[in-house]
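For reference, input_7.cif (mmCIF, C-alpha atoms):
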```
data_work
#
loop_
_atom_site.label_atom_id
_atom_site.label_comp_id
_atom_site.auth_asym_id
_atom_site.auth_seq_id
_atom_site.Cartn_x
_atom_site.Cartn_y
_atom_site.Cartn_z
CA MET A 481 91.35 180.70 31.11
CA ALA A 482 93.87 177.87 31.38
CA GLY A 483 94.42 178.70 35.06
CA SER A 484 90.70 178.56 35.75
CA PHE A 485 90.41 175.25 33.92
CA PHE A 486 93.23 173.67 35.93
CA SER A 487 91.77 175.01 39.18
CA VAL A 488 88.41 173.43 38.40
CA TYR A 489 90.19 170.24 37.32
CA ARG A 490 92.18 170.09 40.56
CA LEU A 491 89.02 170.73 42.60
CA ALA A 492 87.13 167.99 40.75
CA THR A 493 90.04 165.61 41.22
CA ALA A 494 90.11 166.38 44.94
CA PHE A 495 86.39 165.65 45.23
CA ILE A 496 86.78 162.37 43.37
CA LEU A 497 89.73 161.37 45.56
CA LEU A 498 87.76 162.23 48.70
CA PHE A 499 84.80 160.16 47.48
CA VAL A 500 87.04 157.18 46.73
CA LEU A 501 88.71 157.41 50.13
CA GLN A 502 85.36 157.65 51.89
CA SER A 503 83.98 154.73 49.88
CA THR A 504 87.04 152.66 50.71
CA ALA A 505 86.69 153.51 54.39
CA ILE A 506 83.04 152.44 54.32
CA GLU A 507 83.88 149.20 52.56
CA ALA A 508 86.72 148.43 54.96
CA ARG A 509 84.97 149.39 58.17
CA ASP A 510 84.65 146.91 60.99
CA LEU A 511 82.10 144.12 60.90
CA ARG A 512 79.72 143.34 63.77
CA LEU A 513 78.93 139.64 64.14
CA ALA A 514 76.25 138.44 66.57
CA THR A 515 76.71 134.77 67.33
CA THR A 516 76.01 132.04 69.84
CA THR A 517 78.15 131.43 72.89
CA SER A 518 79.19 128.03 71.52
CA THR A 519 81.17 129.45 68.58
CA ASP A 520 82.95 131.81 70.99
CA ASN A 521 83.35 129.65 74.12
CA SER A 522 84.78 126.79 72.07
CA GLY A 523 87.50 129.02 70.62
CA LEU A 524 86.36 128.42 67.04
CA LEU A 525 86.04 132.06 66.01
CA ARG A 526 89.36 133.03 67.57
CA ALA A 527 90.96 130.31 65.47
CA ILE A 528 89.30 130.92 62.10
CA LEU A 529 88.57 134.66 61.83
CA PRO A 530 92.14 136.09 61.68
CA PRO A 531 92.79 134.85 58.10
CA PHE A 532 89.53 136.46 56.94
CA GLU A 533 90.37 139.71 58.74
CA ARG A 534 93.82 139.85 57.12
CA GLN A 535 92.40 139.10 53.69
CA GLN A 536 89.66 141.74 53.92
CA GLY A 537 91.55 144.31 55.99
CA ILE A 538 88.71 144.60 58.49
CA LYS A 539 88.14 143.69 62.12
CA VAL A 540 85.27 141.40 63.11
CA HIS A 541 83.72 142.38 66.44
CA VAL A 542 82.11 139.28 67.95
CA ILE A 543 79.03 139.71 70.14
CA SER A 544 78.49 136.36 71.86
CA VAL A 545 74.96 135.83 73.23
CA GLY A 546 72.18 133.28 73.04
CA THR A 547 70.58 132.73 69.65
CA GLY A 548 67.39 134.59 70.63
CA LYS A 549 69.35 137.69 71.66
CA ALA A 550 71.61 137.46 68.60
CA LEU A 551 68.61 137.42 66.27
CA LYS A 552 67.08 140.35 68.17
CA LEU A 553 70.28 142.39 67.73
CA ALA A 554 70.15 141.63 64.02
CA GLU A 555 66.44 142.45 63.81
CA ASN A 556 67.17 145.86 65.37
CA GLY A 557 70.05 146.56 62.97
CA ASP A 558 72.61 146.58 65.80
CA VAL A 559 74.86 144.11 63.96
CA ASP A 560 75.73 143.38 60.34
CA VAL A 561 75.63 139.59 60.25
CA VAL A 562 74.40 136.78 62.49
CA LEU A 563 75.65 133.19 62.96
CA VAL A 564 73.32 131.08 65.12
CA HIS A 565 71.83 127.61 65.59
CA ASP A 566 68.05 127.58 65.53
CA ARG A 567 67.03 126.76 61.96
CA GLN A 568 63.32 127.41 62.47
CA ALA A 569 63.97 130.84 63.98
CA GLU A 570 66.55 131.64 61.29
CA GLU A 571 64.10 130.87 58.50
CA ALA A 572 61.43 132.95 60.24
CA PHE A 573 63.97 135.80 60.55
CA VAL A 574 64.55 135.78 56.79
CA ALA A 575 60.84 135.37 55.97
CA ALA A 576 60.05 138.45 58.09
CA GLY A 577 62.46 140.52 55.99
CA HIS A 578 65.06 141.07 58.71
CA GLY A 579 67.87 139.34 56.85
CA SER A 580 69.07 137.98 53.56
CA GLU A 581 69.16 134.33 52.53
CA ARG A 582 70.18 131.80 55.19
CA HIS A 583 73.38 129.88 54.40
CA ASP A 584 74.35 126.58 56.01
CA VAL A 585 77.83 126.75 57.50
CA MET A 586 78.45 123.76 59.78
CA TYR A 587 76.92 121.42 62.31
CA ASN A 588 77.66 119.39 65.40
CA ASP A 589 75.34 117.89 67.99
CA PHE A 590 73.93 118.34 71.44
CA VAL A 591 74.90 116.05 74.30
CA LEU A 592 73.21 115.38 77.64
CA VAL A 593 75.87 115.60 80.31
CA GLY A 594 75.85 114.99 84.03
CA PRO A 595 77.82 113.87 87.07
CA LYS A 596 79.70 110.58 87.12
CA SER A 597 77.33 109.32 89.83
CA ASP A 598 74.41 109.64 87.35
CA PRO A 599 71.63 109.75 89.98
CA ALA A 600 68.85 109.42 87.38
CA GLY A 601 70.46 106.38 85.76
CA VAL A 602 70.46 107.63 82.17
CA ARG A 603 74.00 106.69 81.17
CA GLY A 604 74.56 105.09 77.80
CA GLY A 605 71.13 105.73 76.35
CA GLY A 606 70.63 107.04 72.85
CA ASP A 607 67.18 108.50 73.43
CA VAL A 608 67.25 112.03 74.84
CA LEU A 609 63.51 112.05 75.53
CA ALA A 610 63.69 108.86 77.58
CA ALA A 611 66.60 110.32 79.55
CA LEU A 612 64.80 113.58 80.30
CA ARG A 613 61.68 111.68 81.29
CA GLN A 614 63.79 109.72 83.78
CA ILE A 615 65.42 112.90 85.12
CA ALA A 616 61.99 114.43 85.68
CA ALA A 617 60.66 111.24 87.29
CA THR A 618 63.55 111.09 89.76
CA GLN A 619 63.59 114.89 90.19
CA ALA A 620 67.34 114.88 89.64
CA ARG A 621 68.81 118.38 89.43
CA PHE A 622 68.88 119.82 85.90
CA VAL A 623 70.43 123.20 84.99
CA SER A 624 68.87 124.94 82.00
CA ARG A 625 70.40 127.82 80.04
CA GLY A 626 67.23 129.85 80.62
CA ASP A 627 68.44 132.53 78.19
CA ASP A 628 66.40 131.89 75.03
CA SER A 629 69.49 130.42 73.37
CA GLY A 630 69.36 127.81 70.63
CA THR A 631 70.31 125.23 73.24
CA GLU A 632 67.51 126.24 75.59
CA ARG A 633 65.03 126.33 72.72
CA MET A 634 66.01 122.76 71.83
CA GLU A 635 65.66 121.71 75.47
CA ARG A 636 62.20 123.31 75.64
CA SER A 637 61.16 121.40 72.52
CA TYR A 638 62.10 118.13 74.26
CA TRP A 639 60.02 118.92 77.35
CA GLN A 640 57.11 119.96 75.14
CA GLU A 641 57.31 116.71 73.20
CA LEU A 642 57.24 114.86 76.53
CA ALA A 643 54.35 117.02 77.78
CA ILE A 644 56.38 117.72 80.93
CA ALA A 645 56.19 121.21 82.45
CA ALA A 646 59.79 121.31 83.71
CA GLN A 647 60.13 125.09 83.99
CA GLY A 648 59.48 126.29 87.52
CA LYS A 649 59.95 122.89 89.16
CA PRO A 650 62.37 122.80 92.15
CA TRP A 651 64.69 120.36 90.38
CA HIS A 652 64.82 122.43 87.14
CA VAL A 653 67.14 125.45 87.54
CA ALA A 654 66.96 128.24 84.94
CA ALA A 655 70.39 129.87 85.07
CA GLY A 656 70.00 132.69 82.53
CA LEU A 657 73.66 132.21 81.59
CA GLY A 658 75.86 131.21 78.68
CA MET A 659 76.81 127.61 77.99
CA GLY A 660 80.21 127.76 79.66
CA GLU A 661 78.79 129.21 82.86
CA VAL A 662 75.96 126.66 82.87
CA LEU A 663 78.39 123.77 82.51
CA THR A 664 80.42 125.15 85.40
CA MET A 665 77.27 125.55 87.47
CA ALA A 666 76.08 122.01 86.65
CA GLY A 667 79.47 120.64 87.64
CA GLU A 668 79.35 122.41 90.99
CA MET A 669 75.77 121.23 91.63
CA HIS A 670 76.36 117.65 90.37
CA ALA A 671 73.49 118.27 87.98
CA TYR A 672 72.54 117.39 84.41
CA THR A 673 72.42 119.83 81.51
CA LEU A 674 72.08 119.92 77.74
CA SER A 675 75.14 121.28 75.93
CA ASP A 676 76.50 121.63 72.45
CA ARG A 677 79.41 119.24 72.07
CA ALA A 678 82.00 121.93 71.33
CA THR A 679 81.48 123.93 74.52
CA TYR A 680 81.27 120.76 76.59
CA ALA A 681 84.63 119.60 75.21
CA THR A 682 86.16 122.96 76.11
CA TYR A 683 84.85 122.84 79.71
CA GLN A 684 84.99 119.10 80.35
CA ALA A 685 88.19 119.06 82.39
CA ARG A 686 87.13 121.84 84.73
CA THR A 687 83.56 120.58 85.35
CA GLY A 688 84.02 116.82 85.77
CA LEU A 689 80.78 116.25 83.85
CA GLU A 690 80.46 113.25 81.55
CA ILE A 691 78.51 112.66 78.35
CA LEU A 692 75.66 110.36 79.33
CA VAL A 693 73.37 110.53 76.28
CA GLN A 694 74.36 111.20 72.69
CA GLY A 695 73.65 110.14 69.14
CA ASP A 696 69.90 110.78 69.07
CA PRO A 697 68.94 112.31 65.66
CA ARG A 698 66.88 114.85 67.64
CA MET A 699 70.19 116.24 68.94
CA PHE A 700 71.44 117.36 65.51
CA ASN A 701 72.67 120.97 65.73
CA PRO A 702 73.07 122.96 62.46
CA TYR A 703 74.49 126.50 62.27
CA GLY A 704 73.37 129.10 59.74
CA ILE A 705 74.58 132.58 58.80
CA MET A 706 72.62 135.56 57.44
CA ALA A 707 73.40 139.14 56.54
CA VAL A 708 71.09 141.74 58.05
CA SER A 709 68.69 143.30 55.54
CA ARG A 710 70.29 146.17 53.62
CA SER A 711 66.88 147.45 52.52
CA LYS A 712 65.76 147.70 56.14
CA TYR A 713 69.07 149.10 57.43
CA PRO A 714 70.98 150.86 54.60
CA ASP A 715 73.88 151.79 56.88
CA ILE A 716 74.94 148.27 57.85
CA ASN A 717 78.18 146.86 56.50
CA PHE A 718 76.40 144.67 53.98
CA SER A 719 79.43 144.14 51.75
CA GLY A 720 81.46 143.00 54.76
CA ALA A 721 78.67 140.64 55.82
CA LEU A 722 78.54 139.09 52.34
CA ALA A 723 82.33 138.77 52.31
CA LEU A 724 82.23 136.84 55.59
CA ILE A 725 79.44 134.59 54.35
CA ASP A 726 81.31 133.93 51.10
CA TRP A 727 84.51 133.14 52.99
CA LEU A 728 82.93 130.82 55.57
CA THR A 729 81.23 128.83 52.81
CA SER A 730 84.29 128.83 50.54
CA ALA A 731 86.94 126.13 50.36
CA SER A 732 89.24 128.25 52.58
CA GLY A 733 86.62 128.84 55.26
CA ARG A 734 85.45 125.24 55.23
CA ALA A 735 89.04 124.04 55.58
CA ALA A 736 89.59 126.38 58.55
CA ILE A 737 86.47 125.06 60.30
CA SER A 738 87.46 121.44 59.67
CA ALA A 739 91.01 122.09 60.90
CA PHE A 740 89.76 123.38 64.26
CA ARG A 741 90.50 120.35 66.42
CA PRO A 742 91.49 121.25 69.99
CA ASN A 743 93.07 118.23 71.67
CA GLY A 744 92.71 116.38 68.37
CA GLU A 745 88.89 116.30 68.48
CA GLN A 746 86.88 117.76 65.61
CA LEU A 747 84.07 119.82 67.15
CA PHE A 748 82.39 121.34 64.07
CA PHE A 749 81.70 119.71 60.72
CA VAL A 750 81.07 121.69 57.54
CA THR A 751 77.73 121.12 55.87
CA PRO A 752 78.23 119.07 52.67
CA VAL A 753 77.90 121.20 49.56
CA GLY A 754 74.36 121.05 48.24
CA LYS A 755 72.98 119.59 51.47
CA LYS A 756 70.61 121.42 53.82
#
```
Final structure tokens representation of the file:
Amino acid sequence: MAGSFFSVYRLATAFILLFVLQSTAIEARDLRLATTTSTDNSGLLRAILPPFERQQGIKVHVISVGTGKALKLAENGDVDVVLVHDRQAEEAFVAAGHGSERHDVMYNDFVLVGPKSDPAGVRGGGDVLAALRQIAATQARFVSRGDDSGTERMERSYWQELAIAAQGKPWHVAAGLGMGEVLTMAGEMHAYTLSDRATYATYQARTGLEILVQGDPRMFNPYGIMAVSRSKYPDINFSGALALIDWLTSASGRAAISAFRPNGEQLFFVTPVGKK
């Protein structure tokens, strides 16, 4: 009898141990993050993610694409968490049930950059709409992301506000590329483009482009993070996604973002607590 009892006990213990190990493996499995090219091209994620990975014992796999594609990956359950910069689209993503609550993480701004020669004569202005109107009027070359990114969506909103149909015009080039490649292309073509400040700073030396318009409130660029819906996709690494969100919005994560200052320039600013 005693032998049978201990056999059953050992079997039950083995099952419990196996369950715990499997649960731990699930909890510690890698995390898939879809994000914009700006957070990757700028070097921000390479600088701030290692402390989180060490703390959690997991690896974050970064998928760097335009905001539209990142949200689509999240909508399809192909990633666990998404960090992008198109507030309207992010809120629509949550409202449609694709993700959990949106959390503000950080912000920077967009800048209108172009060649030193400035053929459209927009240098020094603080009105991005006036500058784009002048570029269109002079038919100066403009390179657009053309990839449904947050940057291209912002650019499209400017043209729409101006009632200018820029897409398809000979002077408006839709590249279909990431921000770094577009900056390189604009530099080679002596053209204008709209860029987030962080990626521009990273590519400035190799492109020769200069900031010609900045400071317009319309160029504000906030970043938000959301976990993919666990009810829609039960197999996602929801706990890992929440851990990343908690860390990025914690004092440690905020300090890491603020400390990211390549060449002494702060490129991302944490959203003040309680502010949206």
Could you produce a table of the residues of range 494-572 of chain A lying within 9 Å of range 719-723 of chain A, with the nearest pair of atoms per residue and their separation in Å rounded to one decimal, using all atoms listed in the file, ordered by chain and increasing residue number, as JSON lines?
```
{"residue": "A:Glu507", "atom": "CA", "partner": "A:Ser719", "partner_atom": "CA", "distance": 6.8}
{"residue": "A:Ala508", "atom": "CA", "partner": "A:Gly720", "partner_atom": "CA", "distance": 7.6}
{"residue": "A:Arg509", "atom": "CA", "partner": "A:Gly720", "partner_atom": "CA", "distance": 8.0}
{"residue": "A:Asp510", "atom": "CA", "partner": "A:Gly720", "partner_atom": "CA", "distance": 8.0}
{"residue": "A:Leu511", "atom": "CA", "partner": "A:Gly720", "partner_atom": "CA", "distance": 6.3}
{"residue": "A:Arg512", "atom": "CA", "partner": "A:Ala721", "partner_atom": "CA", "distance": 8.5}
{"residue": "A:Leu513", "atom": "CA", "partner": "A:Ala721", "partner_atom": "CA", "distance": 8.4}
{"residue": "A:Phe532", "atom": "CA", "partner": "A:Ala723", "partner_atom": "CA", "distance": 8.9}
{"residue": "A:Gln536", "atom": "CA", "partner": "A:Ala723", "partner_atom": "CA", "distance": 8.1}
{"residue": "A:Ile538", "atom": "CA", "partner": "A:Gly720", "partner_atom": "CA", "distance": 8.3}
{"residue": "A:Asp560", "atom": "CA", "partner": "A:Ala721", "partner_atom": "CA", "distance": 6.0}
{"residue": "A:Val561", "atom": "CA", "partner": "A:Ala721", "partner_atom": "CA", "distance": 5.5}
{"residue": "A:Val562", "atom": "CA", "partner": "A:Ala721", "partner_atom": "CA", "distance": 8.8}
```
With C-alpha atoms retained, export the selected residues as a short mmCIF file (atom, residue, chain, number, x, y, z; two decimals), keeping the file's coordinate frame.
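Printed below is result_31.cif as written:
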```cif
data_model
loop_
_atom_site.label_atom_id
_atom_site.label_comp_id
_atom_site.auth_asym_id
_atom_site.auth_seq_id
_atom_site.Cartn_x
_atom_site.Cartn_y
_atom_site.Cartn_z
CA GLU A 507 83.88 149.20 52.56
CA ALA A 508 86.72 148.43 54.96
CA ARG A 509 84.97 149.39 58.17
CA ASP A 510 84.65 146.91 60.99
CA LEU A 511 82.10 144.12 60.90
CA ARG A 512 79.72 143.34 63.77
CA LEU A 513 78.93 139.64 64.14
CA PHE A 532 89.53 136.46 56.94
CA GLN A 536 89.66 141.74 53.92
CA ILE A 538 88.71 144.60 58.49
CA ASP A 560 75.73 143.38 60.34
CA VAL A 561 75.63 139.59 60.25
CA VAL A 562 74.40 136.78 62.49
#
```
Take the PyMOL selection byres ((chain A and resi 733) around 10), apply it to the structure above, and return the hits as a ChimeraX atom specification.
-> /A:528-529,531-532,585,724-732,734-739,750
Given 6 Å of margin on each side, can you work out the centre and size in Å (one decimal) of an axis-aligned box holding every listed atom of range 709-725 of chain A, as AutoDock Vina command-line options?
```
--center_x 74.0 --center_y 143.2 --center_z 54.8 --size_x 28.6 --size_y 29.2 --size_z 18.1
```
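Here the PyMOL selection byres ((chain A and resi 683) around 10) matches the residues Asn521, Ser522, Met659, Gly660, Glu661, Leu663, Thr664, Gly667, Ala678, Thr679, Tyr680, Ala681, Thr682, Gln684, Ala685, Arg686, Thr687, Gly688 and Leu689 of chain A.
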Which residues of range 687-739 of chain A come within 7 Å of range 565-572 of chain A, and for each one, what is the closest pair of atoms and their distance in Å to one decimal, counting only C-alpha atoms, sorted by chain and residue number, as a tab-separated table?
```
residue	atom	partner	partner_atom	distance
A:Asn701	CA	A:His565	CA	6.7
A:Pro702	CA	A:His565	CA	5.7
A:Tyr703	CA	A:His565	CA	4.4
A:Gly704	CA	A:His565	CA	6.2
```
What do you get, as a ChimeraX atom specification, if you spell out every residue that the PyMOL selection byres ((chain A and resi 608-625) around 7) selects here?
-> /A:599-600,602,606-607,626-627,632,638,642,651-659,662,666,671-673,693,696
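Going from CA of Pro742 in chain A over to CA of His670 in chain A, you cover 25.6 Å.
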Counting all atoms listed in the file, figure out which residue out of A:Val708, A:Leu592, A:Met665, A:Ala514 gets nearest to His578 in chain A.
->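 Of all the options, A:Val708 lies closest to His578 in chain A.
Among A:Leu692, A:Leu747, A:Ile705, A:Ile716, the residue with the shortest atom-to-atom distance to Asp584 in chain A, counting only C-alpha atoms, is A:Ile705.
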Distance CA of Phe740 in chain A-CA of Pro595 in chain A, one decimal place?
->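 CA of Pro595 in chain A lies at a distance of 27.4 Å from CA of Phe740 in chain A.
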